[in-house]
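Participant: Got a structure for you, query-v3.txt, holding compact mmCIF, C-alpha atoms.
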# COMPACT_ATOMS: atom_id res chain seq x y z
CA MET N 1074 -16.67 -30.22 14.75
CA LYS N 1075 -13.34 -28.52 15.43
CA THR N 1076 -12.87 -24.82 14.78
CA ILE N 1077 -10.24 -22.20 15.56
CA VAL N 1078 -11.35 -18.88 17.04
CA CYS N 1079 -9.28 -15.69 17.27
CA HIS N 1080 -10.69 -14.05 20.41
CA GLU N 1081 -8.43 -10.98 20.44
CA PRO N 1082 -5.02 -10.04 19.06
CA GLY N 1083 -2.58 -12.81 19.91
CA VAL N 1084 -5.21 -15.12 21.39
CA MET N 1085 -6.45 -18.19 19.47
CA THR N 1086 -8.19 -21.29 20.76
CA LEU N 1087 -9.10 -24.66 19.25
CA GLU N 1088 -12.74 -25.35 20.12
CA LYS N 1089 -15.41 -27.96 19.51
CA VAL N 1090 -18.77 -26.72 18.31
CA LYS N 1091 -21.90 -28.30 16.87
CA ASN N 1092 -21.74 -29.16 13.17
CA PRO N 1093 -23.74 -26.67 11.09
CA SER N 1094 -27.12 -27.75 9.75
CA LEU N 1095 -28.09 -27.06 6.15
CA MET N 1096 -31.15 -24.81 6.43
CA LYS N 1097 -31.60 -22.89 3.17
CA GLN N 1098 -32.56 -24.44 -0.16
CA ASP N 1099 -29.91 -22.41 -2.01
CA SER N 1100 -27.00 -23.24 0.35
CA VAL N 1101 -24.12 -25.71 0.16
CA LYS N 1102 -22.37 -27.54 2.99
CA ILE N 1103 -18.65 -27.96 2.38
CA ALA N 1104 -16.22 -30.25 4.18
CA ILE N 1105 -13.21 -27.93 4.41
CA LYS N 1106 -9.98 -29.63 3.29
CA ARG N 1107 -7.55 -26.75 2.70
CA ILE N 1108 -7.28 -23.29 4.29
CA GLY N 1109 -4.71 -20.85 2.98
CA ILE N 1110 -3.13 -18.48 5.49
CA CYS N 1111 -2.71 -14.95 4.15
CA GLY N 1112 -1.62 -11.51 5.26
CA THR N 1113 -5.17 -10.64 6.28
CA ASP N 1114 -5.15 -13.50 8.80
CA LEU N 1115 -1.73 -12.52 10.13
CA HIS N 1116 -2.78 -8.87 10.47
CA ALA N 1117 -5.99 -9.88 12.24
CA TYR N 1118 -3.99 -12.02 14.67
CA ALA N 1119 -1.59 -9.10 15.25
CA GLY N 1120 -4.43 -6.60 15.75
CA ASN N 1121 -3.80 -4.33 12.78
CA GLN N 1122 -6.43 -5.46 10.25
CA PRO N 1123 -8.67 -2.42 9.58
CA PHE N 1124 -11.92 -4.25 8.73
CA PHE N 1125 -12.05 -6.57 11.73
CA ASP N 1126 -13.94 -7.33 14.93
CA TYR N 1127 -13.26 -10.00 17.57
CA PRO N 1128 -13.94 -12.80 18.26
CA ARG N 1129 -13.69 -14.21 14.75
CA ILE N 1130 -13.14 -17.51 12.98
CA LEU N 1131 -10.49 -16.68 10.37
CA GLY N 1132 -10.03 -18.28 6.97
CA HIS N 1133 -11.12 -17.14 3.52
CA GLU N 1134 -8.76 -19.00 1.14
CA LEU N 1135 -10.78 -22.19 1.06
CA ALA N 1136 -10.97 -25.52 -0.72
CA GLY N 1137 -13.21 -28.42 0.14
CA VAL N 1138 -15.68 -31.05 -0.96
CA VAL N 1139 -19.45 -30.62 -1.24
CA VAL N 1140 -21.16 -32.96 1.27
CA GLU N 1141 -24.71 -31.60 1.16
CA LYS N 1142 -26.70 -29.12 -0.90
CA GLY N 1143 -30.09 -27.48 -0.88
CA ALA N 1144 -32.89 -28.53 -3.22
CA HIS N 1145 -32.50 -25.40 -5.38
CA VAL N 1146 -28.74 -25.78 -5.94
CA SER N 1147 -27.72 -26.77 -9.46
CA ASN N 1148 -24.23 -25.29 -9.95
CA VAL N 1149 -22.40 -27.94 -7.87
CA GLU N 1150 -22.83 -31.61 -7.06
CA ILE N 1151 -22.10 -33.64 -3.95
CA GLY N 1152 -18.47 -34.80 -4.13
CA ASP N 1153 -17.28 -31.79 -6.18
CA ILE N 1154 -14.00 -30.14 -5.23
CA VAL N 1155 -14.88 -26.49 -4.75
CA THR N 1156 -13.49 -23.13 -3.81
CA VAL N 1157 -15.38 -20.25 -2.25
CA ILE N 1158 -15.69 -16.61 -3.31
CA PRO N 1159 -15.48 -15.18 0.23
CA TYR N 1160 -16.78 -11.67 -0.56
CA ILE N 1161 -20.46 -11.67 0.37
CA HIS N 1162 -22.10 -8.71 -1.38
CA CYS N 1163 -25.56 -7.16 -1.19
CA GLY N 1164 -26.33 -7.17 -4.92
CA THR N 1165 -28.26 -3.88 -4.83
CA CYS N 1166 -25.82 -1.06 -3.95
CA ILE N 1167 -24.20 1.26 -6.51
CA SER N 1168 -21.06 -0.85 -6.87
CA CYS N 1169 -22.95 -4.15 -7.13
CA ARG N 1170 -25.27 -2.71 -9.78
CA SER N 1171 -22.23 -1.79 -11.87
CA GLY N 1172 -20.70 -5.26 -11.52
CA LYS N 1173 -18.13 -4.22 -8.91
CA THR N 1174 -19.26 -6.73 -6.31
CA ASN N 1175 -15.71 -6.79 -4.92
CA CYS N 1176 -16.21 -3.37 -3.29
CA CYS N 1177 -19.85 -3.63 -2.23
CA THR N 1178 -20.87 -0.89 0.20
CA GLN N 1179 -22.09 -3.58 2.62
CA MET N 1180 -19.23 -6.03 2.02
CA GLN N 1181 -19.04 -9.02 4.35
CA VAL N 1182 -15.84 -11.02 3.84
CA LEU N 1183 -15.66 -14.51 5.31
CA GLY N 1184 -13.03 -14.61 8.04
CA VAL N 1185 -13.01 -10.82 8.36
CA HIS N 1186 -16.46 -9.27 8.84
CA ILE N 1187 -18.16 -12.62 9.47
CA ASP N 1188 -16.88 -16.02 10.56
CA GLY N 1189 -14.77 -17.86 8.01
CA GLY N 1190 -13.53 -21.31 7.18
CA MET N 1191 -11.05 -22.37 9.89
CA CYS N 1192 -13.39 -25.22 10.72
CA GLU N 1193 -14.26 -28.69 9.51
CA GLU N 1194 -17.57 -27.78 7.83
CA LEU N 1195 -18.94 -24.55 6.41
CA ILE N 1196 -22.28 -23.57 4.90
CA VAL N 1197 -22.15 -21.02 2.07
CA PRO N 1198 -24.79 -19.67 -0.35
CA SER N 1199 -24.40 -21.62 -3.59
CA SER N 1200 -23.75 -18.49 -5.67
CA TYR N 1201 -20.39 -18.14 -3.89
CA VAL N 1202 -19.33 -21.77 -4.43
CA ILE N 1203 -17.39 -22.77 -7.56
CA SER N 1204 -16.74 -26.30 -8.77
CA THR N 1205 -13.09 -26.13 -9.80
CA GLN N 1206 -12.09 -29.28 -11.73
CA THR N 1207 -8.75 -28.98 -9.90
CA THR N 1208 -6.89 -30.64 -7.06
CA LEU N 1209 -7.58 -29.48 -3.51
CA ASP N 1210 -4.19 -27.74 -3.39
CA GLU N 1211 -4.95 -25.86 -6.60
CA ALA N 1212 -8.42 -24.91 -5.38
CA SER N 1213 -6.94 -23.45 -2.19
CA ILE N 1214 -4.81 -20.88 -4.04
CA ILE N 1215 -7.46 -19.61 -6.45
CA GLU N 1216 -8.59 -16.82 -4.11
CA PRO N 1217 -5.16 -15.27 -3.37
CA LEU N 1218 -4.14 -15.47 -7.02
CA SER N 1219 -7.45 -13.84 -7.97
CA ILE N 1220 -6.38 -10.78 -5.97
CA GLY N 1221 -3.41 -10.39 -8.30
CA ALA N 1222 -5.48 -11.11 -11.40
CA HIS N 1223 -7.96 -8.42 -10.37
CA ALA N 1224 -5.22 -5.83 -9.80
CA VAL N 1225 -3.75 -6.55 -13.23
CA ARG N 1226 -7.17 -6.24 -14.84
CA ARG N 1227 -7.69 -2.90 -13.07
CA ALA N 1228 -4.39 -1.60 -14.44
CA GLN N 1229 -5.22 -2.44 -18.09
CA ILE N 1230 -1.67 -3.42 -18.92
CA GLN N 1231 -0.61 -3.07 -22.54
CA GLN N 1232 1.79 -5.38 -24.37
CA GLY N 1233 5.40 -4.27 -23.84
CA GLU N 1234 4.81 -2.04 -20.81
CA THR N 1235 7.28 -2.20 -17.94
CA VAL N 1236 5.68 -3.04 -14.61
CA LEU N 1237 7.20 -2.81 -11.15
CA ILE N 1238 5.75 -5.01 -8.41
CA ILE N 1239 6.80 -4.01 -4.90
CA GLY N 1240 6.53 -6.97 -2.55
CA ALA N 1241 7.32 -10.53 -3.67
CA GLY N 1242 4.94 -12.28 -1.30
CA PRO N 1243 2.00 -14.47 -2.36
CA ILE N 1244 -0.07 -11.52 -3.66
CA GLY N 1245 2.83 -9.82 -5.43
CA LEU N 1246 3.71 -13.10 -7.13
CA GLY N 1247 0.17 -13.37 -8.47
CA VAL N 1248 0.38 -9.81 -9.80
CA ALA N 1249 3.72 -10.60 -11.45
CA ALA N 1250 2.45 -13.81 -13.06
CA PHE N 1251 -0.64 -12.22 -14.58
CA ALA N 1252 1.21 -9.07 -15.62
CA LYS N 1253 3.68 -11.30 -17.43
CA GLU N 1254 0.80 -13.09 -19.16
CA LYS N 1255 -0.39 -9.69 -20.45
CA GLY N 1256 2.98 -9.20 -22.14
CA ALA N 1257 4.58 -6.83 -19.64
CA LYS N 1258 8.22 -6.67 -18.68
CA THR N 1259 8.13 -7.39 -14.94
CA ILE N 1260 10.47 -6.12 -12.24
CA LEU N 1261 10.03 -7.33 -8.65
CA LEU N 1262 11.34 -5.33 -5.68
CA ASP N 1263 11.61 -6.91 -2.23
CA LEU N 1264 13.77 -6.79 0.90
CA ASN N 1265 14.19 -10.56 0.95
CA GLU N 1266 16.69 -12.13 -1.45
CA GLU N 1267 15.19 -15.59 -1.03
CA ARG N 1268 11.76 -14.29 -2.03
CA LEU N 1269 13.27 -12.62 -5.07
CA ARG N 1270 14.97 -15.85 -6.16
CA PHE N 1271 11.65 -17.65 -5.78
CA ALA N 1272 9.88 -14.92 -7.78
CA LYS N 1273 12.42 -15.13 -10.57
CA ASP N 1274 11.74 -18.85 -10.90
CA TRP N 1275 8.01 -19.12 -10.17
CA ALA N 1276 6.67 -15.91 -11.75
CA HIS N 1277 9.37 -15.74 -14.47
CA ALA N 1278 10.12 -12.13 -13.50
CA ASP N 1279 12.38 -10.37 -15.99
CA GLU N 1280 14.30 -8.56 -13.27
CA VAL N 1281 14.47 -8.61 -9.47
CA LEU N 1282 15.75 -5.81 -7.32
CA LEU N 1283 16.74 -5.25 -3.70
CA PRO N 1284 16.06 -1.78 -2.25
CA SER N 1285 19.00 0.61 -2.46
CA GLU N 1286 19.79 4.20 -1.58
CA ASP N 1287 18.83 5.16 -5.11
CA ASN N 1288 15.96 2.97 -6.26
CA GLU N 1289 15.19 5.35 -9.12
CA CYS N 1290 18.66 4.95 -10.59
CA SER N 1291 18.45 1.17 -10.20
CA LEU N 1292 15.06 1.02 -11.92
CA ARG N 1293 16.20 3.23 -14.77
CA GLY N 1294 19.24 0.99 -15.19
CA LEU N 1295 16.94 -1.98 -15.77
CA ASN N 1296 14.60 -0.13 -18.12
CA ASN N 1297 16.46 1.92 -20.73
CA ASP N 1298 16.76 4.91 -18.37
CA GLU N 1299 12.98 5.12 -17.90
CA LEU N 1300 10.73 4.47 -14.91
CA PRO N 1301 7.99 1.80 -15.04
CA THR N 1302 4.66 2.89 -16.50
CA ILE N 1303 2.75 0.86 -13.88
CA VAL N 1304 3.73 0.23 -10.25
CA PHE N 1305 1.88 -2.23 -8.02
CA ASP N 1306 2.47 -2.05 -4.27
CA ALA N 1307 1.60 -5.37 -2.63
CA THR N 1308 3.36 -4.78 0.69
CA GLY N 1309 0.69 -3.38 3.00
CA ASN N 1310 3.49 -1.19 4.40
CA GLN N 1311 2.91 2.52 4.94
CA ASN N 1312 6.47 3.61 4.09
CA SER N 1313 6.59 1.49 0.94
CA MET N 1314 3.20 2.74 -0.23
CA THR N 1315 4.25 6.34 0.32
CA GLU N 1316 7.56 5.91 -1.47
CA ALA N 1317 5.91 4.11 -4.41
CA PHE N 1318 4.78 7.40 -5.97
CA LYS N 1319 8.43 8.12 -6.81
CA TRP N 1320 8.91 5.06 -8.98
CA VAL N 1321 6.10 5.72 -11.49
CA ALA N 1322 6.83 7.21 -14.92
CA HIS N 1323 5.14 10.42 -16.06
CA GLY N 1324 1.64 9.55 -17.20
CA GLY N 1325 1.80 6.23 -15.36
CA LYS N 1326 -0.32 4.35 -12.86
CA LEU N 1327 0.13 3.35 -9.21
CA VAL N 1328 -1.99 0.46 -7.96
CA TYR N 1329 -2.34 -0.24 -4.24
CA VAL N 1330 -2.96 -3.96 -3.86
CA GLY N 1331 -1.86 -4.11 -0.24
CA LEU N 1332 -3.86 -2.51 2.56
CA VAL N 1333 -2.56 -0.64 5.60
CA LYS N 1334 -4.33 0.78 8.65
CA GLU N 1335 -2.65 4.18 8.27
CA HIS N 1336 -2.85 7.46 6.36
CA ILE N 1337 -0.95 7.66 3.07
CA THR N 1338 0.29 11.07 1.91
CA PHE N 1339 1.96 12.30 -1.25
CA PHE N 1340 3.50 15.54 -2.56
CA ASP N 1341 0.80 17.03 -4.78
CA PRO N 1342 3.01 19.09 -7.17
CA ASP N 1343 4.92 15.93 -8.13
CA PHE N 1344 1.67 13.95 -8.43
CA HIS N 1345 0.27 16.59 -10.80
CA ALA N 1346 3.50 17.08 -12.73
CA ARG N 1347 3.51 13.39 -13.58
CA GLU N 1348 -0.27 13.27 -14.13
CA LEU N 1349 -0.35 9.98 -12.23
CA THR N 1350 -3.37 7.73 -11.90
CA LEU N 1351 -3.85 6.18 -8.46
CA PHE N 1352 -5.88 2.96 -8.09
CA ALA N 1353 -7.02 0.90 -5.15
CA SER N 1354 -7.54 -2.78 -5.92
CA ARG N 1355 -9.81 -4.62 -3.51
CA ASN N 1356 -10.69 -8.31 -3.46
CA ALA N 1357 -11.72 -9.93 -6.75
CA THR N 1358 -14.76 -10.94 -8.81
CA LYS N 1359 -16.00 -14.14 -10.39
CA GLU N 1360 -14.27 -13.04 -13.60
CA ASP N 1361 -10.93 -13.00 -11.80
CA PHE N 1362 -11.57 -16.45 -10.30
CA ASP N 1363 -12.26 -17.72 -13.83
CA THR N 1364 -8.97 -16.21 -15.02
CA VAL N 1365 -7.03 -18.05 -12.33
CA MET N 1366 -8.80 -21.35 -12.93
CA ALA N 1367 -7.99 -21.11 -16.64
CA ALA N 1368 -4.32 -20.49 -15.78
CA LEU N 1369 -4.30 -23.51 -13.47
CA SER N 1370 -6.00 -25.66 -16.09
CA SER N 1371 -3.42 -24.71 -18.72
CA LYS N 1372 -0.57 -25.30 -16.22
CA LYS N 1373 0.61 -21.70 -16.49
CA ILE N 1374 0.41 -21.60 -12.69
CA ASP N 1375 2.36 -24.13 -10.59
CA ALA N 1376 0.30 -24.68 -7.42
CA ASN N 1377 2.71 -27.22 -5.94
CA ALA N 1378 5.58 -24.73 -6.01
CA TYR N 1379 3.42 -21.80 -4.83
CA ILE N 1380 2.50 -23.67 -1.63
CA THR N 1381 5.72 -23.81 0.39
CA LYS N 1382 4.42 -24.95 3.78
CA ARG N 1383 1.69 -27.38 4.82
CA ILE N 1384 0.48 -27.73 8.40
CA THR N 1385 -2.23 -29.71 10.15
CA PHE N 1386 -5.30 -28.12 11.71
CA GLU N 1387 -3.89 -28.88 15.15
CA GLU N 1388 -0.60 -27.11 14.32
CA THR N 1389 -2.32 -23.87 13.29
CA ILE N 1390 -2.26 -22.05 16.63
CA THR N 1391 1.42 -22.88 17.13
CA TYR N 1392 2.14 -21.55 13.63
CA PHE N 1393 0.50 -18.22 14.46
CA ASN N 1394 2.11 -18.03 17.91
CA ASP N 1395 5.61 -18.73 16.58
CA LYS N 1396 5.31 -15.87 14.02
CA ASN N 1397 7.77 -17.59 11.72
CA TYR N 1398 6.09 -16.58 8.49
CA GLN N 1399 9.09 -16.80 6.17
CA THR N 1400 7.35 -18.89 3.56
CA ASN N 1401 5.49 -18.05 0.38
CA LYS N 1402 2.13 -19.71 1.06
CA ALA N 1403 1.22 -21.75 4.12
CA VAL N 1404 -1.84 -24.00 3.81
CA ILE N 1405 -3.70 -25.83 6.57
CA CYS N 1406 -4.55 -29.39 5.48
CA LEU N 1407 -7.50 -31.27 6.98
Show this structure as structure tokens.

Facilitator:
Amino acid sequence: MKTIVCHEPGVMTLEKVKNPSLMKQDSVKIAIKRIGICGTDLHAYAGNQPFFDYPRILGHELAGVVVEKGAHVSNVEIGDIVTVIPYIHCGTCISCRSGKTNCCTQMQVLGVHIDGGMCEELIVPSSYVISTQTTLDEASIIEPLSIGAHAVRRAQIQQGETVLIIGAGPIGLGVAAFAKEKGAKTILLDLNEERLRFAKDWAHADEVLLPSEDNECSLRGLNNDELPTIVFDATGNQNSMTEAFKWVAHGGKLVYVGLVKEHITFFDPDFHARELTLFASRNATKEDFDTVMAALSSKKIDANAYITKRITFEETITYFNDKNYQTNKAVICL
């Protein structure tokens, strides 16, 4: 079968390897049909993904069709369209025991810590495979949207709150969509006007905002002279994540959805004066996948519009080499 290997930053090759053999009775073999490209993949290719070793087969936003299953597998059938929960957890550590499998102490994420799905066939333990009742395109965006759904669940948004989402990329859009579903007023901040126009349409954002010399004044102008009670930073940018503390109302929450391989600092007197709550939001859980699938089923999420670029498997290396990533969501189609 064909697979794509990232050997080191900036170096990818298309290779032929032996098709995997189904060995375990609780495993599922999937013919991969869609692979979403996300910021994690781009950062790994660029050499600035913090949880990464080379060489690695990338790919964790996956959709495919079950072609074989072990004798003990009952949750999927051959021919099912499926997605994959790519966060392989131990099940016994302190976070797993409390249901927080998304931040397992021994986390192994497909395409990051272990080889992922940029290949024609993949074998996965059945407990991480979900039959979706969706199209392949819809199944391919469940994982990235689950990241946003998880962040929103972490923040415990209340009806009528004002929420600022910094970064109108694929993850920020998911945050905005699920925050809106919780009844929040949503404001999206991004450097790119085209992204903001897309966000206004796709995520039904109440307001969009370009950065200015006085972001605080601009935010107050959109929110009855008050700052947002919850701020999500989905940029993965050190400067943005540092500045984000300034845009949170007294008593509010700051949620880091994006990840950066740097130190983040803040001015403690201001942090204390506002009695801020700082959250990290990592990965997602089965509950978040269920939330996204329900939204897709009810047509609250438009998968066709969310995916803005489709490429073939053979075009993948050129796509990474060209570094022309000005699209919302690129998906590899097999």

Participant: Give me, as a ChimeraX atom specification, all polymer residues having an atom no more than 7 Å from Thr1205 in chain N, counting all atoms listed in the file and skipping those fewer than 4 positions away in the same chain.

Facilitator: /N:1154-1156,1212

Participant: Quick one: which range 1134-1234 of chain N residues come within 12 Å of range 1368-1380 of chain N, and what is the nearest atom pair for each with the distance in Å to one decimal, counting only C-alpha atoms, rows ordered by chain and ascending number, as a tab-separated table?

Facilitator:
residue	atom	partner	partner_atom	distance
N:Thr1205	CA	N:Ser1370	CA	9.5
N:Gln1206	CA	N:Ser1370	CA	8.3
N:Thr1207	CA	N:Ser1370	CA	7.5
N:Thr1208	CA	N:Ala1376	CA	9.3
N:Leu1209	CA	N:Ala1376	CA	10.0
N:Asp1210	CA	N:Ala1376	CA	6.8
N:Glu1211	CA	N:Ala1376	CA	5.4
N:Ala1212	CA	N:Ala1376	CA	9.0
N:Ser1213	CA	N:Ala1376	CA	9.0
N:Ile1214	CA	N:Ala1376	CA	7.2
N:Ile1215	CA	N:Leu1369	CA	8.6
N:Pro1217	CA	N:Tyr1379	CA	10.9
N:Leu1218	CA	N:Ile1374	CA	9.5
N:Ser1219	CA	N:Ala1368	CA	10.7
N:Ala1222	CA	N:Ala1368	CA	10.4

Participant: May I ask for the distance between CA of Leu1349 in chain N and CA of Leu1283 in chain N, given in Å to one decimal place?

Facilitator: 24.4 Å

Participant: Using all atoms listed in the file, give me every residue within 12 Å of (-22.5, -23.0, -2.5) in file coordinates, as a VMD selection string.

Facilitator: chain N and resid 1095 1097 to 1104 1136 to 1151 1153 to 1159 1161 1195 to 1204

Participant: Using CA of Arg1355 in chain N and CA of Lys1382 in chain N as the two end points, give the distance in Å to one decimal.

Facilitator: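 These atoms are spaced 25.9 Å apart.
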
Participant: Between N:Ser1313, N:Thr1302, N:Lys1075, N:His1277, which residue has the minimum interatomic distance to Leu1264 in chain N, considering all atoms listed in the file?

Facilitator: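 Closest candidate: N:Ser1313.
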
Participant: May I ask for the distance between CA of Val1248 in chain N and CA of Val1225 in chain N, given in Å to one decimal place?

Facilitator: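 We find that CA of Val1248 in chain N and CA of Val1225 in chain N lie 6.3 Å from each other.
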
Participant: With distances taken over only C-alpha atoms, which residue among N:Thr1174, N:Gln1229, N:Thr1086, N:Thr1391 lies nearest Phe1352 in chain N?

Facilitator: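 Looking only at the distances to Phe1352 in chain N, the closest residue turns out to be N:Gln1229.
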
Participant: For Thr1178 in chain N, which residue among N:Gly1294, N:Pro1301, N:Gly1164, N:Gly1190 is the nearest when counting only C-alpha atoms?

Facilitator: N:Gly1164

Participant: Using all atoms listed in the file, which of N:Cys1163, N:Glu1216, N:Thr1235, N:Thr1338 sits nearest Asp1298 in chain N?

Facilitator: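 Ranking N:Cys1163, N:Glu1216, N:Thr1235, N:Thr1338 by distance to Asp1298 in chain N, first place goes to N:Thr1235.
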